[in-house]
Each structure stands twice: as structure tokens, then as C-alpha cells.
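Q: Right, I'll just put the structure down here and ask away after.
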Amino acid sequence: MPKKHFINPNVAKLISSSVITVIMMTIVMIVTDTSIKKINTKTRTEYLYNSQNILDGYSKAVTMQIETYRTALHAFNVPQILAGSTDEQIFDFLKRYQEKLHPDFLHIYFTNLNGFSYFSDGSTFNLSASNHYKSIINLNLDFKVSQSLIKTPLSNRTVFIISEPVYDKEHKIKGVLSASVLHSSMRKIFEDFHLGNKGKIAVTDKNNNSIISILNSEDESFIQDKTLTLSNDIEMTPWKIILTVRDFQKTDEFKYQQKHKLMIFFIAIICIIFLIMLETFLLNFFQKRQLLATLYDPLTNLWTRENFENECEKLLRFFPKSKFMLIECDVKGFKFVNQNYTETKADEMILFLSRIFSRIASKHKGYLCRNFADHFTLFIKIKSVHAAMNNFKEEIQRINEEIKSFEIPIHLKYGITFQLGKTHAKTTIHNMINQATFAKASIKDNMIVQYALYNSKLLNKINEERFIETHMEQALENEEFFVLYQPKIDLTTDKAVGAEALVRWYSSEHGLMCPDKFIPLFERNGFIQKLDFYVYDKVFHFLQNCLKNNHPVVPVSLNMSRYHNKPDKFMHEFMALFNKYSIPPSLIEVEILERSVLDSSSLKEIVDRLHNEGFKVAMDDFGSGESSLNMLSKIPVDILKFDRDFLLSSTDETGRIDAESADFIETLVGLGRRLKKRTIFEGVETQQQIDFLKSINCDQVQGYFYSKPLAETDFISYINLG
């Protein structure tokens, strides 16, 4: 009888365990492999998405730069000048304004139909062999960018050409106006180019000739590896932009994940139980880490922009009829902070600001993110625009006080846009951020203005300011500026005893422009000083003609802009101009502002020197500054001039002045009388205001109640009527 062979239970248990281990290992390997593939797929998708976003960003940046160059070129294509001018006259015009060229332009030139070109630097050249200018004429193009780079024949500089047609008075093409744009200027767009460790971006023409090529890499080895290439056409140009980065399978992220996969498999072979636990832990850890990197900024723990946009989009959809406010904020001169105070201090500043903005977001139940670098974005559901703006103004006052405690000076600027519950279906948070950023950019480096609102008028305002700045010199030469005279009335006699000279601008393109459109801009760019002396010259000439023709004359007051910052220079030029005319100094009064850029000692110096020459001096807008009485004690002016806001803010609908304001105004006028200063009120428009000012013994007034500002002939007639 054969023996029975029994299997040892321990061996059976081991075999069973081994089978289970193999099965578990197989399951773990399959599950692990599948999980890592999913992570790879997701990461690769994000990698491609981010690469495309980078490419799109640079495409837009190049397009915007080309648009800027086009605007700068178009500013010289003035139909009133070029249409009826000969080639030589156009040549003279370009040479005269060579210094006004955009800083990225090497020169600007006009090419006639025969291909002969006149350059703004005074040179001429025959370009009849060039196909660039011919295509403008033959194809009737409005604008063209050269297909490739060009070496200029005289300076041997590398440029590309932008051109547009020039028309004669019958709107026929008479030639082409072109600008040579320095190739090096386009590289500025890519100076802060970052693509992780390695990447390359290039701009090429349609024949794949390089226009710009920038390699951001420790070495060029990645070019020999497998790479990913994306490209976009650049609007308004025959160029395309190409982005080259490592293929995802060659990136450190992919290699890291593959390495992890092998480690997990190895641990699974050693100990399946430990492998399962470790695998679960690691997968959860890395998935959570990826999720956190997507949702939260690593420095501030605020939302990333991507997460911010997603959550805000949900809010828009959930409250389709509600109103929202978006605020974009950054630090003026943040690059200077990075360069001069180290990145550590810059990070401390970002954390300091993030705590302030987080508190505000929490207070108003808003959403906040760190957009990038020093940029923060806040999104708030509001009840009304008016209330939201009042809250915003209160908050920035508190912020301005709080940031004084930081050891590095901080200057913030804000861009604001609104959605009012009617266009949510067409609105994206991305567009709102762009709108707020655009509004903020309109502030530029203005240290007085801290915020700007985006609205449909903002683009018009920017275009209008661009027109003003490109035409102001020409307008001065063409005498488009003119002077009006607003009579000053003595309240005891009701007769004109003086006038204030006021400037206006009549543009051939925009018609009559009020001072509030161009004066603030001229104050910012310094042109106000030229305009002031232009007005002085016109007034001196007018008074001299009145005396010569035996017309009655009264003293005329001249405004001295707050931006004349050199007393010696101002007095030298003022007296040199005044001495050209035969008029007594008693006919001239100079109005100064206490809110001048000059300190009180420099203002006093100008006042003393004007007195020495026989002129009277008035302090304009007295009482509207923070230190009026202190200034009055230091600067010996002859006249105190009160702004119209005193009357407007204290007058009700019936024209009566409230008792508290009346007491305050009476005190100021009484102070002037005791100090033996003449007192004048601007903006008088009602009989009640006249009666009140007479009752408190104010000396003079000016305003529409008596007369609007008058042209020279009308002003003479007004004086003759008594």
C-alpha cells in the first residue's frame, strides 16, 4: 500500500503567503503604475498648458510693443503737414523733430514714389531696389513690418522697419513714412524671461531666419535632447514666435516620478505590507503636494491666480445679478527693492503686505490672491459702486499709515474695475484682471495719484493724452494756445479794476479744449513752464498795444505754475521777457500757489524779488492748503485769493451760505484786512454770494455773475463800458 505524502502546514502557509504576496505585488505594481501614469498625464497637461501660456504672453507682449511703435510712427504722419508738403519740406520736418523720436527708433524717414528716402538724421538714400516700401504702395497697406532684420548702410546698426503710407490732399499715396527700430530694443521684452531651468524662445520670419533668440539655460545640452516646440504668429507682423523647452519626458519632474516608481516597486518586493502602506502614504503626500502647489502660493499661503480665477468664476455664476469690485495692487519700484535690499527683505515686504490685504479681504468677505511677484488681486461682492469706493478710500488711508512702520519705504498703486450684474455671461475674471492692470498702468510714475478706475473713458483719456503730448510743441509754434481775460470787480464800485489771464487751446483736430484736459498733463511732463512764459508774452504784448492805442488798461494777474522750481532761473527769464515791452510793473500781478514744489524760503525769495521790481503778488487758493496761516506769516504777499470751492461747498440750492461757513469766511477775510492784504473771491455766480461778500467787506470778486473770461477785443469793450 503506497505511502501518503502530507504537506507540512507551515510550508502550505508559506506557499499560500507567497501566492498572496505575488498577487498583492502584482496588484500593487499595476495600481502604482496606473496611478503614476495618471499623475504623469496630469503633470504633462499642466506643463503643456503653462508652456502655451508663456508663449501667448510673449506673443501679446511683442504685439503690444509693435503697436506702441506704430503709434509713435503715426504721430509724425500729420496730414496737415505732410499732405501738401514737398519732399524737401517733409525732410526739414523730420530733421526738426529728430530729438522727439521714440527712444527705440534709430531714425525716421520718408520715401517718395521713386524710392528716394529722406532720413531724420539728415542723410538721404536711394531705396528704389527695396521691396518693402513698394509693397506698401502696390498693395495699399495701412501698416507693414519688414520681414527680416536689416543692417543700416551708414551706421551699420541692426534694425527692422515699420512703415505706413503718406497721402496727399486727394488721398492718393505720395510716399511711405518709415521708422528704423533698433533690434536690441525688442530684446528688452525678454530680459526677465524664466522657464524653470532651461528653455529657449525665438522670433523668426516666415523663412525661419532668426529675429530674436534667447536661451535661458545653464548650458545648451537640452537642445540635443528631445524637445517640445510651440509657435504662434505675431499679429501685425510677418513673424512668428517659437518656444522650445524640454520634452516632458526629459524634465526633472518626469525623471523624479520615474525614480519614485522604481523605488516603490523595489520596496514592494521586500515587504508587501510595508509597500502598500508606504505607497499609500507617498501617493497621498505627492498628490496633496501637487494640489497645494496649484492652490496656494508657497511664500504667502494666499491663493494662486489659477485657483483665485476658478473660485471667482464660481462666485460670478452663483450671483449673476450681483455687483463685484476687483482691485489689482503692486509696489512702485519693486525691482529697486529686490536689487538694493536683497530678496530676503523683498520677501519680508511681500509677507507684510499679504497680512494687511488678508485682513481687508476677511473684513469685506472677499477673495485674495498673490498674482505674481509683488502683485495682489482682491475680488469683493459689493452693494454699490459709491459705497465700495468710499470703503476703498478709507482702507488705503489705513494702509498708508500702516506701511509707514515697515523699515523699507513702500509706495502702492491700485487699478480698479467693476462688474455691475448685467454682463456676467460675457465677463471673465481674467479679463477683469487685465482691465484693472490696464487702469493701474495709466498712473505710471505719478506719486500723487495712487489709484485709477477702468472704464470706457479710460482708453479715450489715454489716447487724448497721447495726442496732447505729441502735438503740444507744434501747437505752441502754431499759436493754437490763446489767452482770455476774466474781469475782477471792485465790490464798492461794481467796476472792473483788474483781470486774470487764463489760457485755452483750440486744436485743429479736437476743437476747443478746456484747461483741465491739458494743464495737469503739462504739469506732470514739465511743459507747463513753456506755456506759462507763452502766456506772459501774450499778456505783455496785449497791454503794450492797449497803452499804445490809448485803450483803458487795468492790472492783469499771471499764474505762476507750482512747478517752477528754480527762483533764479524763473526771475531771470521773467524779467528778460518783461523788459522787451514798454509797460509799467504796476499793471502786472503774479499769482503764486502755496502748494508749490518750492519750499517757503524759495517762495519768499521770488516774492521779495518781484516786489523789488515793482510787481504785486497774490497767494492763489489761499486757505485750501494745510499750512495757509504758517505760509502767510513767512511769505509777504499783497493779495489773498480765495478759491471758488469755499462758496460752492457752503451754498445751498437757494444760493444762501450756511451760518458756520459764513463765520469762517468772514474770519478769513477779516484776517486779510487786518494784515492789510487785498482779498479776492473767485467763482462768484449768485446775487446772494455778492451780497454776503459785500457785507463782510471783501475787496474784489471774479466770476460768471459779472463776466465769463473774454477775448482781447471783448475785454477792452467791457472795460470801456465801465
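Here's how to read the names in the C-alpha cells: chain A, B, ... by the order shown, residue numbers from 1 in each chain, ligand numbers from 1 in the order shown.
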Give me, as a PyMOL selection string, all polymer residues having an atom no more than 9 Å from A:Ser163, counting only C-alpha atoms and skipping those fewer than 6 positions away in the same chain.
A: chain A and resi 70+73+132-133+136+142-146+176-179
Q: Please identify all polymer residues within 12 Å of A:Phe357, counting only C-alpha atoms, omitting same-chain residues fewer than 4 positions from it, and present them as a PyMOL selection string.
A: chain A and resi 300+302+327-330+350-353+361-370+375-379+392+395-396+398-399+402-403
Q: So which residues of stretch 285-529 of chain A fall under strand (DSSP E) by DSSP, listed as a ChimeraX atom specification?
A: /A:323-331,367-372,375-382,412-419,451-453,481-490,495-507,511-513
Q: Could you find all residues in stretch 300-423 of chain A that DSSP calls helix (DSSP H, G or I) from the backbone, and write them as an NGL selection string?
A: :A and (305-318 or 334-363 or 385-405)
Q: Which polymer residues have any atom within 8 Å of an atom of stretch 229-232 of chain A, counting only C-alpha atoms, with same-chain residues fewer than 3 positions away left out, as number ranges by chain?
A: A: 52, 55-56, 59, 240-245
Q: Name the residues in contact with A:Ser322 at a cut-off of 12 Å, using only C-alpha atoms, excluding same-chain residues fewer than 3 positions from it; report them as an NGL selection string.
A: :A and (315-319 or 325 or 380-385 or 418-424)
Q: Any chance you can output those residues with C-alpha atoms as an mmCIF file, in the first residue's frame?
A:
data_model
loop_
_atom_site.group_PDB
_atom_site.id
_atom_site.type_symbol
_atom_site.label_atom_id
_atom_site.label_comp_id
_atom_site.auth_asym_id
_atom_site.auth_seq_id
_atom_site.Cartn_x
_atom_site.Cartn_y
_atom_site.Cartn_z
ATOM 1 C CA LEU A 315 -18.949 83.364 -7.497
ATOM 2 C CA LEU A 316 -19.925 85.225 -10.684
ATOM 3 C CA ARG A 317 -22.050 82.308 -11.845
ATOM 4 C CA PHE A 318 -23.663 81.831 -8.441
ATOM 5 C CA PHE A 319 -24.636 85.530 -8.139
ATOM 6 C CA MET A 325 -15.257 95.011 -7.492
ATOM 7 C CA ILE A 380 -15.243 91.644 -3.465
ATOM 8 C CA LYS A 381 -19.017 91.365 -3.798
ATOM 9 C CA ILE A 382 -20.450 94.881 -3.285
ATOM 10 C CA LYS A 383 -23.810 96.581 -2.921
ATOM 11 C CA SER A 384 -22.998 99.821 -4.738
ATOM 12 C CA VAL A 385 -20.027 101.350 -6.532
ATOM 13 C CA PHE A 418 -16.274 96.749 -11.635
ATOM 14 C CA GLN A 419 -18.877 94.298 -12.878
ATOM 15 C CA LEU A 420 -22.424 95.539 -12.353
ATOM 16 C CA GLY A 421 -24.505 92.393 -12.748
ATOM 17 C CA LYS A 422 -25.560 92.872 -16.377
ATOM 18 C CA THR A 423 -22.701 91.357 -18.370
ATOM 19 C CA HIS A 424 -21.550 88.380 -16.280
#
Q: So which one's closest to A:Phe372, A:Val331, A:Leu491, A:Val203, A:Leu647? Using only C-alpha atoms, please.
A: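 Checking each candidate against A:Phe372, we get A:Val331 as the closest.
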Q: Hey, which of A:Asp621, A:Thr45, A:Ile27, A:Gly175 ends up closest to A:Thr86? Count only C-alpha atoms.
A: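 Closest residue, counting only C-alpha atoms: A:Gly175.
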Q: In Å to one decimal, how far is atom CA of A:Ala496 from atom CA of A:Met575?
A: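 Calculated distance between atom CA of A:Met575 and atom CA of A:Ala496 is 27.1 Å.
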Q: Of the residues A:Lys530, A:Val497, A:Glu666, A:Ile468, which is the one nearest to A:Pro515, using only C-alpha atoms?
A: A:Ile468
